[in-house]
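Q: My questions will all concern the structure given below.
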Amino acid sequence: MKKLGLFLISLALTLTLTGQAVKAETDVNIAVMYSVGLESGWDRIVIDALDRLQASDDNLNITYKGFDAVYGGEAGAVMDLLAQSGEYDIILSATAHSDQIEILSPRYPDIMFVSLGSGNFNTGPNHYLLYGRVHEAAYLLGMLGAGMSESGVLGAVGSFPADDINDQLNAYRAGAQAVNSEVQVKISFIESWYDPQLAIEATYAQNAAGADIIYQLAGEVYEACRDKNILCFGLFEDTHKLAPEVVLSGTELRWDPAFTWVLDEWQAAQESGSFNGNTEAKWFGMAYGGANIFPYYNLSDRVPADLQEKIEQARADILSGALEVPLVLDVPTSD
Amino acid sequence: MSELFTQAILVSMFSATVRIAAPLLLVSIGELVVQRAGIWFLGVEGSMLMAAFTAYFASVASSSLYIGLLAGIVMGIAVHLSMAVAAVTLKINQFIIGLGINLLASGLTLFLYRESFKMFGGEVPTIRPFETVALPGLSQIPILGEILFNQHIFTYLAFAMVGVVWAFLYRTRYGLEIRALGENPKALDTKGLSVSGRQYAALAFGGTMAGLAGAVLVLALTDRFVPNMTNGRGWLAIVIIIAGNWKPLPILLAVLVFAFLEAFQLQAQGIGFNIPYQLLLALPYIGAIVAMMGLRWRSEQPEYLGVPYHRE
């Protein structure tokens, strides 16, 4: 009987130690809650950044799994199950799930919750907020547009006036005015994520109002640009190949520095035993490699050399800190 | 304000009105026939959405816009006929089936779209949509030519169908029978005419039009499918039928008013009107509600609309 007792104790100890050995402190498993799905550029750039980090990070063994976009109580239930499973160290939401995380973060203090984009708020020490600010890149697009426009009128079609859209539109206007103080910027919101026909009609409407270069922030919608033979800019990911004859450039959002910071915070918390979540959303701009503009590809010849130089100079000034692009969140309207 | 009245802006705004009107008109005029036959089909949004996805998938897979168009129409008919089986043959509550079809379509198209996305190698394929067709001679007329006669073939078809459906409903015996179905199906049955056969036919026609409307959204007015891209247009068709008091010409008017308000708000935002754009976005819906309120006192709603017919 005594032998059996000793055997059971040693078995329990072995199992416990083995259990701990399975999960090293350098293993981090991330559950990604999509905002739409992988057909959306916003979600794809999250996965692209995780793939790059997975390949490049020597300190951490990063694994992740994506989960379908759900909202409200359903999202809360899904994240609860993910947390309960004990498989995930980080639950990363690509959308506004803070209402649900507010309930879950105190219940699972050892799990790190990360929220991307606008519409989120901090809910506790284990909740981290990130913004994908590309306003500096939008500033450069504004310069490019104003330098290329023959009419002196630029356009921009947005989905909703969220503050991480407004920052871009205001910077786009500021960049345009830096090249041509007389430039006008036309701005429309279609108030929908899902309506390419409305986005196309808004583009036609801006073109009729004189805009000959249009920034497309309401989906990768280039049909009106093709039809009217005007140049357009894309948002967040490289959409040049969708319409190579009209997509001149676009803002690039790279989550890499933001995710690296989050992973550093996670590792620090493993050592210290406590998280230190941020109340002000953190963002990493061009100087950190978090944003850029895409190459002009086959349309490069159409961009005058002096304008290209001017933009390169502005980019260098942003990187060095000599030029600080103002972060303005007010809802912009057309000039 | 004066900026709004320049020729370029007016032409753009009225051209947009005609483009926005086209899918709404197709689906509304199809549903008019369905409702005149006594079937209240709330699933028209779902039918359009299924057709839009099918048209997209088939056109990408076959590299043919025409196959996409045909597939979209066939899907519209199939969804409408599933309503026929449930509502006409099985006599299940029409509202429940319609709502069920909408929910199913929303989830199913999203699922299938995700699957197709994997199938296309993680890329979002776009299509080269149908080009506009400038009608010879007519498109040269100053201003009006650009607005009315430089549109997609489906736009001309949509407007032509208003006249066709009007002539069918009010100038043919079959049209009279369809209208009688909504008012008094027993009268037809007593004469030995098939109630269910005509309701199936009416739904097949509604499905053709809804399928066409869904396909047009993808193949002519944009260049891709986006989940839930019908964005309430099917629901709006139902509102338009009520606002148009179940008559073809007032329905055309209701569609045009709605489309104009939508085009106006887009143009006004583009110009930079100093009024809140949210108000402009709400204008079309306010217009529809006002129209409905104004028409309640002389409603032409079919007497047996939504009531399953049982032979006593």
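Following the order of the structure tokens, first chain is A, next is B, and so on, with residues numbered from 1 inside each chain and ligands from 1 in the order they appear.
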Using only C-alpha atoms and a distance of at most 9 Å, pull out the residues of chain A that contact chain B, as JSON, numbers by chain.

A: {"A": [37, 38, 39, 40, 155, 156, 157, 186, 187, 188, 189, 190, 191, 192, 194, 195, 196, 197, 198, 200, 201, 202, 203, 204, 205, 206, 207, 208, 209, 221, 222, 223, 224, 242, 333, 334, 335]}

Q: Print the selection's residues with N, CA and C atoms to a file, as a CSV table (one decimal), in the first residue's frame.

A:
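Written output follows (result.csv):
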```
chain,number,residue,atom,x,y,z
A,37,GLY,N,-13.1,38.1,-42.6
A,37,GLY,CA,-12.6,36.8,-43.0
A,37,GLY,C,-11.4,37.0,-43.9
A,38,LEU,N,-10.7,36.0,-44.4
A,38,LEU,CA,-9.5,36.2,-45.1
A,38,LEU,C,-9.7,36.8,-46.5
A,39,GLU,N,-11.0,37.0,-46.9
A,39,GLU,CA,-11.2,37.7,-48.2
A,39,GLU,C,-11.0,39.2,-48.0
A,40,SER,N,-11.0,39.6,-46.7
A,40,SER,CA,-10.8,41.0,-46.5
A,40,SER,C,-9.4,41.4,-46.3
A,155,GLY,N,-10.0,63.2,-54.9
A,155,GLY,CA,-11.2,62.6,-54.3
A,155,GLY,C,-10.8,61.5,-53.3
A,156,ALA,N,-11.7,61.2,-52.4
A,156,ALA,CA,-11.5,60.1,-51.5
A,156,ALA,C,-12.8,59.5,-51.1
A,157,VAL,N,-13.0,58.2,-51.2
A,157,VAL,CA,-14.3,57.6,-50.9
A,157,VAL,C,-14.1,56.7,-49.7
A,186,LYS,N,-12.2,66.2,-52.3
A,186,LYS,CA,-13.6,65.8,-52.2
A,186,LYS,C,-13.7,64.5,-51.4
A,187,ILE,N,-14.6,64.5,-50.4
A,187,ILE,CA,-14.6,63.3,-49.5
A,187,ILE,C,-16.1,62.9,-49.4
A,188,SER,N,-16.3,61.6,-49.6
A,188,SER,CA,-17.6,61.0,-49.4
A,188,SER,C,-17.5,59.7,-48.5
A,189,PHE,N,-18.5,59.5,-47.7
A,189,PHE,CA,-18.6,58.2,-47.0
A,189,PHE,C,-19.9,57.5,-47.5
A,190,ILE,N,-19.7,56.2,-47.7
A,190,ILE,CA,-20.9,55.5,-48.2
A,190,ILE,C,-21.6,54.8,-47.0
A,191,GLU,N,-21.1,54.8,-45.9
A,191,GLU,CA,-21.7,54.3,-44.6
A,191,GLU,C,-22.1,52.8,-44.8
A,192,SER,N,-21.2,52.0,-45.4
A,192,SER,CA,-21.4,50.6,-45.6
A,192,SER,C,-20.0,50.0,-45.8
A,194,TYR,N,-20.0,47.0,-47.3
A,194,TYR,CA,-20.3,45.9,-48.3
A,194,TYR,C,-20.9,46.4,-49.6
A,195,ASP,N,-20.8,47.6,-50.0
A,195,ASP,CA,-21.5,48.0,-51.1
A,195,ASP,C,-20.7,48.6,-52.2
A,196,PRO,N,-20.1,47.7,-53.1
A,196,PRO,CA,-19.2,48.2,-54.1
A,196,PRO,C,-20.0,49.1,-55.1
A,197,GLN,N,-21.3,48.8,-55.4
A,197,GLN,CA,-22.0,49.7,-56.3
A,197,GLN,C,-22.0,51.1,-55.8
A,198,LEU,N,-22.3,51.3,-54.5
A,198,LEU,CA,-22.3,52.7,-53.9
A,198,LEU,C,-20.9,53.3,-54.0
A,200,ILE,N,-18.6,52.7,-56.2
A,200,ILE,CA,-18.4,53.1,-57.6
A,200,ILE,C,-19.1,54.4,-57.9
A,201,GLU,N,-20.4,54.4,-57.5
A,201,GLU,CA,-21.2,55.6,-57.8
A,201,GLU,C,-20.6,56.9,-57.1
A,202,ALA,N,-20.1,56.7,-55.9
A,202,ALA,CA,-19.4,57.8,-55.2
A,202,ALA,C,-18.2,58.3,-55.9
A,203,THR,N,-17.5,57.3,-56.5
A,203,THR,CA,-16.3,57.7,-57.3
A,203,THR,C,-16.7,58.4,-58.6
A,204,TYR,N,-17.8,58.0,-59.3
A,204,TYR,CA,-18.3,58.7,-60.4
A,204,TYR,C,-18.7,60.2,-60.0
A,205,ALA,N,-19.3,60.3,-58.9
A,205,ALA,CA,-19.8,61.6,-58.4
A,205,ALA,C,-18.6,62.5,-58.1
A,206,GLN,N,-17.6,62.0,-57.5
A,206,GLN,CA,-16.4,62.8,-57.3
A,206,GLN,C,-15.7,63.2,-58.6
A,207,ASN,N,-15.7,62.3,-59.5
A,207,ASN,CA,-15.1,62.6,-60.8
A,207,ASN,C,-15.8,63.7,-61.5
A,208,ALA,N,-17.2,63.6,-61.4
A,208,ALA,CA,-18.0,64.7,-62.0
A,208,ALA,C,-17.7,66.0,-61.3
A,209,ALA,N,-17.4,66.0,-60.1
A,209,ALA,CA,-17.1,67.2,-59.3
A,209,ALA,C,-15.6,67.7,-59.6
A,221,VAL,N,-12.3,49.0,-55.0
A,221,VAL,CA,-13.2,49.2,-56.0
A,221,VAL,C,-12.6,50.1,-57.1
A,222,TYR,N,-12.3,49.6,-58.2
A,222,TYR,CA,-11.6,50.4,-59.2
A,222,TYR,C,-12.3,50.4,-60.6
A,223,GLU,N,-13.6,50.0,-60.6
A,223,GLU,CA,-14.3,49.9,-61.9
A,223,GLU,C,-14.5,51.3,-62.5
A,224,ALA,N,-14.9,52.3,-61.6
A,224,ALA,CA,-15.1,53.6,-62.0
A,224,ALA,C,-13.8,54.3,-62.5
A,242,LEU,N,-5.0,44.3,-59.1
A,242,LEU,CA,-6.4,44.2,-59.4
A,242,LEU,C,-6.7,45.1,-60.6
A,333,THR,N,-14.7,66.9,-44.4
A,333,THR,CA,-15.8,67.1,-45.4
A,333,THR,C,-15.1,67.6,-46.7
A,334,SER,N,-15.9,67.6,-47.8
A,334,SER,CA,-15.3,68.0,-49.0
A,334,SER,C,-15.0,69.5,-49.0
A,335,ASP,N,-14.0,69.9,-49.8
A,335,ASP,CA,-13.7,71.4,-50.0
A,335,ASP,C,-14.7,71.9,-51.0
```

Q: Mind checking which residues fall within 6 Å of range 195-201 of chain B, counting only C-alpha atoms, ignoring those fewer than 3 positions away in the same chain, and posting them as a list of chain:residue names?

A: B:Ala37, B:Ala84, B:Ala204

Q: Give me the residues near Ser47 in chain B as a PDB file with N, CA and C atoms, in the first residue's frame, where near means some atom within 7 Å (using only C-alpha atoms) and where sequence neighbours in that chain fewer than 4 positions away do not count.

A:
```pdb
ATOM      1  N   GLY B  43     -38.393  36.714 -49.149  1.00  0.00           N
ATOM      2  CA  GLY B  43     -37.035  36.195 -49.352  1.00  0.00           C
ATOM      3  C   GLY B  43     -36.352  36.739 -50.592  1.00  0.00           C
ATOM      4  N   ALA B  51     -28.286  34.702 -56.269  1.00  0.00           N
ATOM      5  CA  ALA B  51     -28.056  34.877 -57.704  1.00  0.00           C
ATOM      6  C   ALA B  51     -26.750  35.645 -57.944  1.00  0.00           C
ATOM      7  N   GLY B  76     -31.858  32.409 -59.286  1.00  0.00           N
ATOM      8  CA  GLY B  76     -33.020  33.214 -58.866  1.00  0.00           C
ATOM      9  C   GLY B  76     -34.299  32.411 -59.009  1.00  0.00           C
ATOM     10  N   VAL B  79     -34.443  29.584 -56.303  1.00  0.00           N
ATOM     11  CA  VAL B  79     -34.805  30.057 -54.950  1.00  0.00           C
ATOM     12  C   VAL B  79     -36.293  30.397 -54.909  1.00  0.00           C
ATOM     13  N   HIS B  80     -36.780  31.069 -55.941  1.00  0.00           N
ATOM     14  CA  HIS B  80     -38.202  31.421 -55.969  1.00  0.00           C
ATOM     15  C   HIS B  80     -39.080  30.170 -56.041  1.00  0.00           C
ATOM     16  N   ALA B 210     -35.361  38.613 -60.189  1.00  0.00           N
ATOM     17  CA  ALA B 210     -34.473  38.764 -59.024  1.00  0.00           C
ATOM     18  C   ALA B 210     -33.087  38.223 -59.363  1.00  0.00           C
ATOM     19  N   GLY B 211     -33.058  37.103 -60.101  1.00  0.00           N
ATOM     20  CA  GLY B 211     -31.784  36.520 -60.514  1.00  0.00           C
ATOM     21  C   GLY B 211     -31.010  37.467 -61.411  1.00  0.00           C
TER      22      GLY B 211
END
```

Q: Which is closer to Arg133 in chain A than all the others in A:Ala268, A:Val185, A:Ala176, A:Leu116, using only C-alpha atoms?

A: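 Once distances to Arg133 in chain A are computed over only C-alpha atoms, the minimum belongs to A:Leu116.
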
Q: Need to verify the contact set: Phe149 in chain B, 10 Å, only C-alpha atoms, exclusion of same-chain residues closer than 3 positions in sequence. Can you return it as a tab-separated table (two decimals) with C-alpha atoms, in the first residue's frame?

A:
```tsv
chain	number	residue	atom	x	y	z
B	15	SER	CA	-26.81	58.89	-65.02
B	132	THR	CA	-22.20	50.03	-71.45
B	133	VAL	CA	-23.99	50.16	-74.79
B	134	ALA	CA	-24.37	53.57	-76.41
B	135	LEU	CA	-27.53	53.47	-78.52
B	136	PRO	CA	-26.66	54.72	-82.02
B	137	GLY	CA	-28.07	58.17	-82.69
B	138	LEU	CA	-29.90	58.49	-79.38
B	139	SER	CA	-26.70	58.58	-77.32
B	140	GLN	CA	-25.58	61.63	-79.35
B	141	ILE	CA	-28.45	63.77	-78.04
B	143	ILE	CA	-27.22	65.71	-72.04
B	144	LEU	CA	-30.16	63.26	-72.34
B	145	GLY	CA	-28.13	60.95	-74.57
B	146	GLU	CA	-25.44	60.53	-71.93
B	152	HIS	CA	-25.93	48.84	-69.75
B	153	ILE	CA	-28.20	46.65	-71.82
B	155	THR	CA	-30.78	49.06	-67.73
B	156	TYR	CA	-32.71	49.36	-70.99
```

Q: Find the residues around Gln216 in chain A up to 7 Å (only C-alpha atoms counted), leave out those fewer than 2 positions away in its own chain, and share them as a PDB file with N, CA and C atoms, in the first residue's frame.

A:
```
ATOM      1  N   ALA A 156     -11.676  61.201 -52.384  1.00  0.00           N
ATOM      2  CA  ALA A 156     -11.472  60.089 -51.451  1.00  0.00           C
ATOM      3  C   ALA A 156     -12.839  59.532 -51.086  1.00  0.00           C
ATOM      4  N   VAL A 157     -12.995  58.210 -51.243  1.00  0.00           N
ATOM      5  CA  VAL A 157     -14.268  57.561 -50.924  1.00  0.00           C
ATOM      6  C   VAL A 157     -14.055  56.659 -49.711  1.00  0.00           C
ATOM      7  N   GLY A 158     -14.735  56.983 -48.612  1.00  0.00           N
ATOM      8  CA  GLY A 158     -14.561  56.213 -47.377  1.00  0.00           C
ATOM      9  C   GLY A 158     -15.778  55.370 -47.063  1.00  0.00           C
ATOM     10  N   ILE A 214      -8.339  59.510 -57.168  1.00  0.00           N
ATOM     11  CA  ILE A 214      -9.265  59.205 -56.069  1.00  0.00           C
ATOM     12  C   ILE A 214      -8.711  58.093 -55.172  1.00  0.00           C
ATOM     13  N   ALA A 218     -13.087  52.457 -49.420  1.00  0.00           N
ATOM     14  CA  ALA A 218     -14.308  51.674 -49.160  1.00  0.00           C
ATOM     15  C   ALA A 218     -14.285  50.387 -49.981  1.00  0.00           C
ATOM     16  N   GLY A 219     -13.223  49.634 -49.847  1.00  0.00           N
ATOM     17  CA  GLY A 219     -13.097  48.405 -50.639  1.00  0.00           C
ATOM     18  C   GLY A 219     -12.240  48.666 -51.852  1.00  0.00           C
ATOM     19  N   GLU A 220     -11.732  47.571 -52.413  1.00  0.00           N
ATOM     20  CA  GLU A 220     -10.826  47.709 -53.562  1.00  0.00           C
ATOM     21  C   GLU A 220     -11.657  47.855 -54.823  1.00  0.00           C
ATOM     22  N   VAL A 221     -12.261  49.039 -54.967  1.00  0.00           N
ATOM     23  CA  VAL A 221     -13.234  49.226 -56.036  1.00  0.00           C
ATOM     24  C   VAL A 221     -12.642  50.144 -57.100  1.00  0.00           C
ATOM     25  N   CYS A 232      -6.145  55.882 -59.201  1.00  0.00           N
ATOM     26  CA  CYS A 232      -6.718  55.689 -57.879  1.00  0.00           C
ATOM     27  C   CYS A 232      -5.662  55.135 -56.929  1.00  0.00           C
ATOM     28  N   PHE A 233      -5.909  55.319 -55.633  1.00  0.00           N
ATOM     29  CA  PHE A 233      -5.040  54.774 -54.593  1.00  0.00           C
ATOM     30  C   PHE A 233      -5.794  53.705 -53.810  1.00  0.00           C
ATOM     31  N   GLY A 234      -5.054  52.699 -53.338  1.00  0.00           N
ATOM     32  CA  GLY A 234      -5.661  51.637 -52.535  1.00  0.00           C
ATOM     33  C   GLY A 234      -5.369  51.820 -51.050  1.00  0.00           C
ATOM     34  N   LEU A 235      -5.930  50.917 -50.262  1.00  0.00           N
ATOM     35  CA  LEU A 235      -5.839  51.037 -48.801  1.00  0.00           C
ATOM     36  C   LEU A 235      -5.288  49.752 -48.185  1.00  0.00           C
TER      37      LEU A 235
END
```
